[in-house]
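Since the structure comes first, as structure tokens, the remarks are kept for the end.
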Amino acid sequence: MLIDFSKKDIVVLAPLAGYTDLPFRSVVKKFGVDVTFSEMISANALVHNSKKTFKMLEKSDLETPYIVQIATSDIEVAKRAIEILNDQEGIDGIDLNCGCPAPKVVSQSCGSSLLQDLPQLMRIVETIKKYSNKEYTSVKSRLGFNDKYPDQIAKACEHAGADFITFHGRTRAGKYKAKIDYDAIKIAKEAVSIPVIANGDITSLEIANHVRSYTNCDGIMIGRGAIGNPWLFYQIKNGLDHVEREKIKEIVLEHYDAMINFYGDKGVSIFRKHLHTYSKSLPAASTFRDKINRINDQEVIREEIDTFFSQ
């Protein structure tokens, strides 16, 4: 059993486009995450042998269990994508995205659009379950498209063969602004016997503990709450209200080194967005950001990170 839901303390990193790449995942895995997900993968791009898409499948040696999330509304495309993923070693599960609210995804009847057609959602989950040779078939969903019907979604996923389901506590209409509805996640949890993971606005140890006890969920998933604050996983796993500056520096440097190792020289420029969020609200942050924006040398950037986060 790769994921022991019985302990109800599972902490999962959410798929987040542009952020939860291999370097980020490898760092948070080391500092407290139990399960990692790939960034959302277009099943269609996978079937058409997109080099960029195959690059997104790569994982670190630390990532076990590792789940690949796909987006599709087409049963045949889903089948072909699964057959491709079956040949990829190191993948422990396939997750169907039923939550992405982006217009370009919804317009293709993918992501949260599937919540408007639960029979089709079920057929795709059944296809994944039937053809995948991976241990887990799962679903990441919102509470509904315009209205909330989490119990219906949860039951549909369970009946189709999903091993677990993650609920983001907003509807598609709620995008990323509406208040998270933990009551609805609790309803979903009570409706099924498979594990349910709670997701949405978990930004502190206090909130994590509240969500666990209130919803009785089998795990929590964190995405945007960890951007600029990946030590949140370390806090939750160790029950800490505060993380020492030295530990923050260690995590930031681990992330930087992983970025350089994965992206090479391009890692410096890509990492700037992370440094901007890591330094936010800290003394002299604006001066630090201005300085690193002008530096392209890998070693000099590393020295600046070390100096700034040692203050």
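Quick note on naming: the chains in the structure tokens go A, B, ... in the order shown, residues restart at 1 in each chain, and ligands are numbered from 1 in order of appearance.
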Backbone-only DSSP, helix (DSSP H, G or I) members of region 32-194 of chain A, as a ChimeraX atom specification: /A:43-47,51-56,75-86,103-106,111-116,118-131,150-160,182-191
Neighbour list for Ser141 (chain A) as number ranges by chain, cut-off 7 Å, only C-alpha atoms, skip fewer than 5 positions in-chain: A: 97-99, 166-168
Keeping only N, CA and C atoms, write those residues as a short mmCIF file (atom, residue, chain, number, x, y, z; two decimals), in the first residue's frame.
```cif
data_model
loop_
_atom_site.label_atom_id
_atom_site.label_comp_id
_atom_site.auth_asym_id
_atom_site.auth_seq_id
_atom_site.Cartn_x
_atom_site.Cartn_y
_atom_site.Cartn_z
N ASN A 97 -8.51 15.17 -14.26
CA ASN A 97 -8.82 16.54 -13.87
C ASN A 97 -10.27 16.86 -14.19
N CYS A 98 -11.05 17.12 -13.15
CA CYS A 98 -12.44 17.55 -13.30
C CYS A 98 -12.65 18.86 -12.54
N GLY A 99 -11.57 19.64 -12.44
CA GLY A 99 -11.67 20.84 -11.64
C GLY A 99 -11.18 22.11 -12.30
N THR A 166 -10.34 13.85 -4.80
CA THR A 166 -9.97 15.11 -4.14
C THR A 166 -11.00 16.17 -4.52
N PHE A 167 -11.50 16.88 -3.51
CA PHE A 167 -12.44 17.97 -3.77
C PHE A 167 -11.82 19.32 -3.46
N HIS A 168 -11.82 20.19 -4.48
CA HIS A 168 -11.52 21.60 -4.27
C HIS A 168 -12.84 22.25 -3.87
#
```
Selection near Ala156 (chain A), 10 Å with only C-alpha atoms, sequence-local residues under 3 positions removed, as a PyMOL selection string: chain A and resi 118-119+121-123+125+150-153+159-162+192
Contact residues around Asp74 (chain A) with only C-alpha atoms at 9 Å, ignoring same-chain residues under 2 positions, as a VMD selection string: chain A and resid 44 72 76 to 79 109 to 110 120 124
Selected residues, C-alpha atoms, written as a PDB file, in the first residue's frame, please.
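Generated output (out06.pdb):
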```pdb
ATOM      1  CA  ASN A  44      -4.341  14.907 -26.458  1.00  0.00           C
ATOM      2  CA  THR A  72      -9.543  14.892 -21.493  1.00  0.00           C
ATOM      3  CA  GLU A  76     -10.627   7.053 -27.069  1.00  0.00           C
ATOM      4  CA  VAL A  77      -8.000   9.715 -26.363  1.00  0.00           C
ATOM      5  CA  ALA A  78      -8.062   8.717 -22.698  1.00  0.00           C
ATOM      6  CA  LYS A  79      -7.459   5.084 -23.640  1.00  0.00           C
ATOM      7  CA  SER A 109     -15.288  20.021 -22.508  1.00  0.00           C
ATOM      8  CA  CYS A 110     -12.373  19.139 -20.212  1.00  0.00           C
ATOM      9  CA  GLN A 120     -19.333  10.944 -19.469  1.00  0.00           C
ATOM     10  CA  ILE A 124     -13.685   8.226 -18.684  1.00  0.00           C
TER      11      ILE A 124
END
```
Using only C-alpha atoms: which of A:Arg272, A:Lys140, A:Lys7, A:Lys134 has the shortest distance to Met221 (chain A): A:Lys140
Contact residues around Leu85 (chain A) with only C-alpha atoms at 9 Å, ignoring same-chain residues under 5 positions, as a PyMOL selection string: chain A and resi 46+68+80+91+94+132-134
Top pick for closest residue to Ala285 (chain A), considering A:Asp265, A:Leu114, A:Phe309, A:Glu299 and counting only C-alpha atoms: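 Of the candidates, the smallest distance to Ala285 (chain A) is held by A:Phe309.
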Gap from CA of Lys8 (chain A) to CA of Lys186 (chain A) - Å, one decimal: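 Interatomic distance, CA of Lys8 (chain A) to CA of Lys186 (chain A): 14.1 Å.
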